[in-house]
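Text of run.txt, listed as compact mmCIF, C-alpha atoms:
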# COMPACT_ATOMS: atom_id res chain seq x y z
CA MET I 14 0.00 0.00 0.00
CA GLN I 15 2.82 2.38 0.81
CA SER I 16 4.42 1.78 -2.57
CA VAL I 17 1.11 2.36 -4.33
CA GLY I 18 0.55 5.63 -2.46
CA ALA I 19 4.07 6.85 -3.26
CA SER I 20 3.60 6.00 -6.96
CA LEU I 21 0.29 7.92 -7.05
CA ARG I 22 1.85 10.99 -5.47
CA SER I 23 4.76 10.98 -7.91
CA ALA I 24 2.39 10.53 -10.87
CA SER I 25 0.25 13.49 -9.78
CA ARG I 26 3.34 15.63 -9.27
CA ASN I 27 4.64 14.79 -12.74
CA ALA I 28 1.24 15.58 -14.25
CA CYS I 29 1.17 18.99 -12.59
CA LEU I 30 4.66 19.79 -13.81
CA SER I 31 3.88 18.65 -17.32
CA VAL I 32 0.81 20.97 -17.65
CA PRO I 33 1.85 24.28 -19.34
CA ALA I 34 1.36 27.55 -17.43
CA HIS I 35 -1.79 29.52 -18.21
CA ASN I 36 -1.17 32.62 -20.26
CA THR I 37 -3.68 34.81 -18.36
CA ALA I 38 -2.04 34.19 -14.98
CA SER I 39 0.98 36.40 -15.66
CA SER I 40 -1.10 39.09 -17.35
CA SER I 41 -3.56 39.18 -14.42
CA ARG I 42 -0.67 39.63 -12.03
CA ILE I 43 0.57 42.56 -14.13
CA PHE I 44 -2.88 44.12 -14.08
CA GLN I 45 -3.09 43.67 -10.31
CA PHE I 46 0.35 45.28 -9.87
CA GLN I 47 -0.63 48.25 -12.03
CA ALA I 48 -3.88 48.65 -10.09
CA VAL I 49 -1.94 48.68 -6.81
CA GLN I 50 0.40 51.31 -8.23
CA ARG I 51 -2.50 53.55 -9.29
CA ARG I 52 -4.11 53.20 -5.87
CA ASN I 53 -0.87 54.09 -4.12
CA VAL I 54 -0.46 57.18 -6.30
CA SER I 55 -4.03 58.34 -5.63
CA LEU I 56 -3.71 57.74 -1.88
CA ARG I 57 -0.11 59.08 -1.73
CA MET I 58 1.08 55.78 -0.30
CA PRO I 59 4.60 54.30 -0.68
CA ASN I 60 5.04 52.75 -4.12
CA PHE I 61 7.44 50.05 -5.27
CA LYS I 62 10.31 52.53 -4.85
CA GLY I 63 10.22 52.01 -1.09
CA PRO I 64 9.05 54.06 1.87
CA VAL I 65 12.30 56.03 2.11
CA ALA I 66 12.09 57.24 -1.49
CA TRP I 67 8.41 58.06 -1.05
CA LEU I 68 9.14 60.13 2.07
CA ARG I 69 11.97 61.93 0.27
CA GLU I 70 9.67 62.86 -2.63
CA SER I 71 6.76 63.85 -0.38
CA LEU I 72 8.77 66.03 2.03
CA ALA I 73 11.05 67.61 -0.56
CA PRO I 74 10.60 71.42 -0.85
CA SER I 75 8.81 72.58 -3.97
CA VAL I 76 8.05 75.95 -5.53
CA ARG I 77 4.54 77.15 -4.74
CA GLU I 78 2.61 78.61 -7.65
CA GLN I 79 1.38 82.14 -6.91
CA ASN I 80 -2.09 83.14 -7.96
CA THR I 81 -2.58 86.25 -10.07
CA LYS I 82 -4.44 89.34 -8.86
CA GLU I 83 -7.40 88.51 -11.08
CA GLU I 84 -7.72 85.03 -9.58
CA ILE I 85 -7.48 86.42 -6.03
CA GLU I 86 -10.16 89.07 -6.71
CA ALA I 87 -12.46 86.48 -8.31
CA ALA I 88 -12.04 84.16 -5.30
CA ARG I 89 -12.77 87.02 -2.86
CA LYS I 90 -15.92 88.02 -4.74
CA GLN I 91 -17.10 84.41 -4.85
CA ALA I 92 -16.49 84.06 -1.09
CA ALA I 93 -18.38 87.34 -0.48
CA GLU I 94 -21.38 86.07 -2.45
CA LYS I 95 -21.45 82.89 -0.36
CA GLY I 96 -21.03 84.84 2.89
CA GLN I 97 -17.70 83.19 3.69
CA LEU I 98 -15.56 86.33 3.55
CA SER I 99 -13.08 86.84 6.38
CA VAL I 100 -13.59 89.66 8.87
CA PHE I 101 -10.25 91.13 7.72
CA ASP I 102 -11.37 91.44 4.08
CA SER I 103 -13.89 93.73 2.45
CA VAL I 104 -15.20 93.94 -1.09
CA PRO I 105 -16.22 97.37 -2.46
CA THR I 106 -19.89 97.70 -3.27
CA VAL I 107 -19.27 99.83 -6.41
CA ALA I 108 -16.98 98.23 -8.96
CA GLU I 109 -14.05 100.27 -10.12
CA GLY I 110 -14.22 101.74 -13.62
CA GLU I 111 -18.02 101.79 -13.91
CA ALA I 112 -19.09 104.59 -16.21
CA GLY I 113 -22.43 106.12 -17.00
CA GLU I 114 -23.80 105.86 -13.47
CA GLU I 115 -24.56 108.88 -11.34
CA VAL I 116 -22.34 109.14 -8.30
CA PRO I 117 -24.37 109.67 -5.08
CA ALA I 118 -23.82 112.74 -2.94
CA TRP I 119 -22.33 110.80 -0.05
CA LYS I 120 -19.77 109.37 -2.48
CA LYS I 121 -18.62 112.81 -3.65
CA LYS I 122 -17.93 114.05 -0.12
CA THR I 123 -14.47 113.42 1.30
CA TYR I 124 -14.50 111.84 4.76
CA THR I 125 -11.62 111.71 7.19
CA GLU I 126 -13.15 109.65 10.00
CA HIS I 127 -15.99 107.31 10.87
CA LYS I 128 -17.77 107.14 14.22
CA TYR I 129 -19.60 104.03 15.37
CA SER I 130 -20.84 102.57 18.65
CA THR I 131 -22.50 99.55 20.15
CA SER I 132 -26.04 99.49 21.45
CA ASN I 133 -26.78 99.70 25.16
CA PHE I 134 -26.28 96.35 26.81
CA LYS I 135 -26.03 95.06 30.35
CA ILE I 136 -22.46 95.63 31.53
CA SER I 137 -20.71 97.92 33.97
CA HIS I 138 -19.02 100.96 32.43
CA ARG I 139 -15.89 100.15 34.45
CA LYS I 140 -15.62 96.68 32.89
CA LEU I 141 -16.33 97.99 29.40
CA ASN I 142 -13.77 100.77 29.80
CA MET I 143 -10.99 98.20 30.18
CA ILE I 144 -11.84 96.79 26.74
CA GLY I 145 -11.96 100.30 25.29
CA ARG I 146 -8.49 101.06 26.62
CA GLN I 147 -7.23 97.78 25.15
CA ILE I 148 -8.21 98.61 21.56
CA ALA I 149 -7.56 102.39 21.60
CA GLY I 150 -4.75 103.48 19.29
CA LYS I 151 -4.40 100.10 17.56
CA PRO I 152 -4.91 99.35 13.84
CA ILE I 153 -8.39 98.05 13.15
CA ASP I 154 -7.20 94.55 12.21
CA SER I 155 -5.13 94.33 15.38
CA ALA I 156 -8.11 95.47 17.48
CA ILE I 157 -10.35 92.81 15.88
CA LEU I 158 -7.67 90.19 16.53
CA GLN I 159 -7.45 91.24 20.18
CA MET I 160 -11.21 90.81 20.60
CA MET I 161 -11.17 87.42 18.86
CA PHE I 162 -8.84 85.99 21.51
CA SER I 163 -10.07 87.97 24.50
CA GLU I 164 -11.69 86.12 27.40
CA LYS I 165 -14.02 89.00 28.30
CA ARG I 166 -17.74 88.32 27.97
CA ALA I 167 -18.31 91.51 25.95
CA SER I 168 -15.45 90.85 23.51
CA LYS I 169 -17.71 89.12 20.93
CA ARG I 170 -20.04 92.12 20.82
CA ILE I 171 -17.12 94.54 20.49
CA LYS I 172 -15.56 92.43 17.72
CA SER I 173 -18.83 92.49 15.73
CA MET I 174 -19.08 96.24 16.20
CA LEU I 175 -15.50 96.77 14.94
CA VAL I 176 -16.10 94.59 11.87
CA VAL I 177 -19.25 96.55 10.94
CA ALA I 178 -17.50 99.89 11.57
CA LYS I 179 -14.62 98.86 9.33
CA SER I 180 -16.98 97.76 6.57
CA HIS I 181 -18.93 101.05 6.73
CA ALA I 182 -15.76 103.15 6.73
CA VAL I 183 -14.37 101.36 3.65
CA LYS I 184 -17.55 101.01 1.59
CA LEU I 185 -19.54 104.11 2.49
CA LYS I 186 -16.81 106.67 3.24
CA SER I 187 -14.01 105.36 0.98
CA LEU I 188 -11.37 105.31 3.70
CA ASP I 189 -8.17 103.38 3.13
CA GLU I 190 -8.58 99.93 4.64
CA GLN I 191 -4.83 99.45 5.20
CA LYS I 192 -4.52 102.68 7.23
CA LEU I 193 -7.59 102.47 9.48
CA VAL I 194 -6.78 103.01 13.15
CA VAL I 195 -8.98 103.13 16.25
CA ALA I 196 -8.14 106.76 16.96
CA GLU I 197 -10.56 107.24 19.88
CA SER I 198 -12.50 104.95 22.18
CA TRP I 199 -14.73 105.91 25.12
CA VAL I 200 -17.58 104.52 27.21
CA THR I 201 -20.87 106.14 28.27
CA LYS I 202 -23.55 104.99 30.66
CA GLY I 203 -26.83 103.82 29.22
CA PRO I 204 -30.10 105.69 29.80
CA HIS I 205 -31.71 102.81 31.69
CA GLN I 206 -30.32 101.80 35.04
CA PHE I 207 -32.65 99.07 36.27
CA LYS I 208 -33.25 99.04 40.00
CA ARG I 209 -34.37 96.02 41.99
CA TYR I 210 -34.96 95.30 45.67
CA ASP I 211 -32.04 93.91 47.60
CA ILE I 212 -33.52 91.98 50.53
CA LYS I 213 -31.35 92.07 53.66
CA GLY I 214 -31.62 90.71 57.17
CA ARG I 215 -33.66 92.09 60.10
CA GLY I 216 -36.39 93.48 57.90
CA ARG I 217 -34.13 95.82 55.98
CA ALA I 218 -33.82 96.22 52.20
CA GLY I 219 -31.55 97.96 49.76
CA ILE I 220 -31.49 98.77 46.04
CA LYS I 221 -29.70 96.73 43.37
CA ARG I 222 -28.67 98.64 40.28
CA HIS I 223 -28.13 96.77 37.01
CA PRO I 224 -25.98 99.11 34.89
CA HIS I 225 -26.12 99.45 31.10
CA SER I 226 -23.40 101.08 29.01
CA ARG I 227 -22.12 101.38 25.44
CA LEU I 228 -18.76 101.74 23.68
CA HIS I 229 -17.98 104.40 21.07
CA VAL I 230 -15.08 104.34 18.60
CA VAL I 231 -13.73 106.72 15.96
CA LEU I 232 -11.84 105.26 13.00
CA LYS I 233 -9.33 107.44 11.18
CA GLU I 234 -6.62 106.97 8.59
CA GLY I 235 -3.29 106.72 10.37
CA LYS I 236 0.16 105.42 9.66
CA THR I 237 0.64 101.81 8.72
CA ARG I 238 2.81 99.42 10.70
CA ALA I 239 5.56 99.61 8.08
CA GLU I 240 5.65 103.41 8.31
CA LEU I 241 5.77 103.30 12.10
CA ARG I 242 8.65 100.80 12.02
CA GLU I 243 10.54 102.97 9.54
CA GLU I 244 10.08 106.07 11.70
CA ASP I 245 11.21 104.20 14.81
CA ARG I 246 14.29 102.91 12.97
CA ALA I 247 15.15 106.41 11.71
CA ARG I 248 14.74 107.86 15.21
CA LYS I 249 17.04 105.24 16.71
CA LEU I 250 19.66 105.71 13.99
CA LYS I 251 19.58 109.45 14.54
CA ARG I 252 20.55 108.98 18.18
CA ILE I 253 23.70 107.06 17.25
CA VAL I 254 26.65 109.46 17.06
CA SER I 255 30.07 108.03 16.20
CA ALA I 256 33.41 109.50 17.26
CA GLY I 257 34.88 111.83 14.63
CA LEU I 258 38.47 112.05 13.44
CA VAL I 259 38.79 115.60 14.78
CA ARG I 260 37.78 116.53 18.30
CA GLU I 261 34.66 118.68 18.38
CA ASP I 262 34.57 121.81 20.51
CA VAL I 263 31.27 120.84 22.15
CA PRO I 264 30.48 119.71 25.68
CA LEU I 265 30.66 116.02 26.43
CA ARG I 266 27.51 114.03 25.93
CA ASN I 267 26.22 112.14 28.94
CA PRO I 268 28.98 113.24 31.30
CA GLY I 269 29.62 110.95 34.23
CA PRO I 270 29.72 111.93 37.88
CA ALA I 271 32.67 113.91 39.21
CA TRP I 272 33.67 111.16 41.63
CA ALA I 273 33.48 107.71 40.06
CA TRP I 274 34.89 105.54 42.85
Can you turn what I pasted into C-alpha cells?
Amino acid sequence: MQSVGASLRSASRNACLSVPAHNTASSSRIFQFQAVQRRNVSLRMPNFKGPVAWLRESLAPSVREQNTKEEIEAARKQAAEKGQLSVFDSVPTVAEGEAGEEVPAWKKKTYTEHKYSTSNFKISHRKLNMIGRQIAGKPIDSAILQMMFSEKRASKRIKSMLVVAKSHAVKLKSLDEQKLVVAESWVTKGPHQFKRYDIKGRGRAGIKRHPHSRLHVVLKEGKTRAELREEDRARKLKRIVSAGLVREDVPLRNPGPAWAW
C-alpha cells in the first residue's frame, strides 16, 4: 500500500509539472500590480520605490505657484457672495471703472473719520472701559484680533461692532482699509439703570442697580505698521553718534559723575 501511495503521489506531481502555465495568470498579475500602483499614487502611499524614497519625494521642498491678482479678486468676490468672507477682508460695493452711473452725494464728499458705537447692553461701564483702553490706538485689524482671543464676555459684541464699523468706513466713506486706526474709544452709561430690591436681614432692604453702558469708537486713517517701524528705525539711527576724526569743541555728551569711585 505504501508503494502504491508513493507511486500515485509521484504521478500526480509529474502531471502537474507537465501541464503548461496559463497565459492569463501572468497578465492578471501585471494588471493587479498596475492597479496597486495607481491606488498608491491616488492615496499618496509608498510605491514600489520604497518608503524612504516616497518620504523623500513627499517632504522635498517645492516651488509654490502664486495666484494672479485677477484670480485672487475672483475668489474674494465668490467668497463674499457665499457669505464666507473673512472679517479682515472687504469687497467694495461699487466696482471700479463703472461709467455712466450717477455718483451719489455721499460718495462725492471726502470723509476723514468714521464714528460708530454699540447698542446699550447690560455691563458695567468700568468693565467695558478696560476693553476700550485695550483697543484704543491700535490698527483696526489688530483690534479685531485682540477681541477674537479675548476672554471678556463683551469681547464678541465689540468684535462684531468693529467689523461693521470697518466695513462702513471702507464702503460708504471710501477710507483706506490698510490705514484704518482706532483713533478714539470711550464709554458712556446707558439711559436705563434698572433698580431692583435687595432683601437684607432684620427686615431691611436695599437697592440693586443693574448698569447698562455702550462703547464708542472713531476710525481714522493713520500710519501703517511699516511706516511706524521705519520712523522708529530712523529715530534710533539718529541717536547714534560716532566719534569723529577731529575733536569737536562741544560739551561732552552724557557726562559721568565727578567722583566715580
Can you tell me, as lines of an AutoDock Vina configuration file, the centre and edge lengths (Å, one decimal) of the axis-aligned box enclosing all of segment 212-228 of chain I's listed atoms after padding each side by 5 Å?
center_x = -27.6
center_y = 96.2
center_z = 41.9
size_x = 27.6
size_y = 21.0
size_z = 46.4
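Here atom CA of Arg242 of chain I is placed at a distance of 26.2 Å from atom CA of Lys172 of chain I.
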Residue nearest Ala167 of chain I - candidates I:His205, I:Arg227, I:Lys122, I:Arg52, atoms counted: all atoms listed in the file: I:Arg227
Å distance separating atom CA of Thr123 of chain I from atom CA of Asp154 of chain I, one decimal place: 23.0 Å
Nearest to Ser198 of chain I, chosen from I:Leu250, I:Ala93, I:Ile144, I:Ala87, with all atoms listed in the file counted in the distances: I:Ile144
Atom pair atom CA of Ala178 of chain I / atom CA of Ile148 of chain I: separation (Å): 13.7 Å
Might you pull out every residue within 12 Å of Leu188 of chain I, with all atoms listed in the file counted and same-chain residues fewer than 6 positions away left off, and present them as a PDB file with C-alpha atoms, in the frame of the given file?
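Writing the result to result_22.pdb gives the following:
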ATOM      1  CA  SER I 103     -13.890  93.730   2.450  1.00  0.00           C
ATOM      2  CA  PRO I 105     -16.220  97.370  -2.460  1.00  0.00           C
ATOM      3  CA  LYS I 120     -19.770 109.370  -2.480  1.00  0.00           C
ATOM      4  CA  LYS I 122     -17.930 114.050  -0.120  1.00  0.00           C
ATOM      5  CA  THR I 123     -14.470 113.420   1.300  1.00  0.00           C
ATOM      6  CA  TYR I 124     -14.500 111.840   4.760  1.00  0.00           C
ATOM      7  CA  THR I 125     -11.620 111.710   7.190  1.00  0.00           C
ATOM      8  CA  GLU I 126     -13.150 109.650  10.000  1.00  0.00           C
ATOM      9  CA  HIS I 127     -15.990 107.310  10.870  1.00  0.00           C
ATOM     10  CA  ALA I 178     -17.500  99.890  11.570  1.00  0.00           C
ATOM     11  CA  LYS I 179     -14.620  98.860   9.330  1.00  0.00           C
ATOM     12  CA  SER I 180     -16.980  97.760   6.570  1.00  0.00           C
ATOM     13  CA  HIS I 181     -18.930 101.050   6.730  1.00  0.00           C
ATOM     14  CA  ALA I 182     -15.760 103.150   6.730  1.00  0.00           C
ATOM     15  CA  VAL I 194      -6.780 103.010  13.150  1.00  0.00           C
ATOM     16  CA  LEU I 232     -11.840 105.260  13.000  1.00  0.00           C
ATOM     17  CA  LYS I 233      -9.330 107.440  11.180  1.00  0.00           C
ATOM     18  CA  GLU I 234      -6.620 106.970   8.590  1.00  0.00           C
ATOM     19  CA  GLY I 235      -3.290 106.720  10.370  1.00  0.00           C
TER      20      GLY I 235
END
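When only C-alpha atoms are used to measure the gap to Val177 of chain I, the shortest distance among I:Gln91, I:Phe207, I:Ile153, I:Gly219 belongs to I:Ile153.
Distance check against Gln191 of chain I using only C-alpha atoms: of I:Leu175, I:Ala239, I:Val230, I:Ala66, the minimum falls on I:Ala239.
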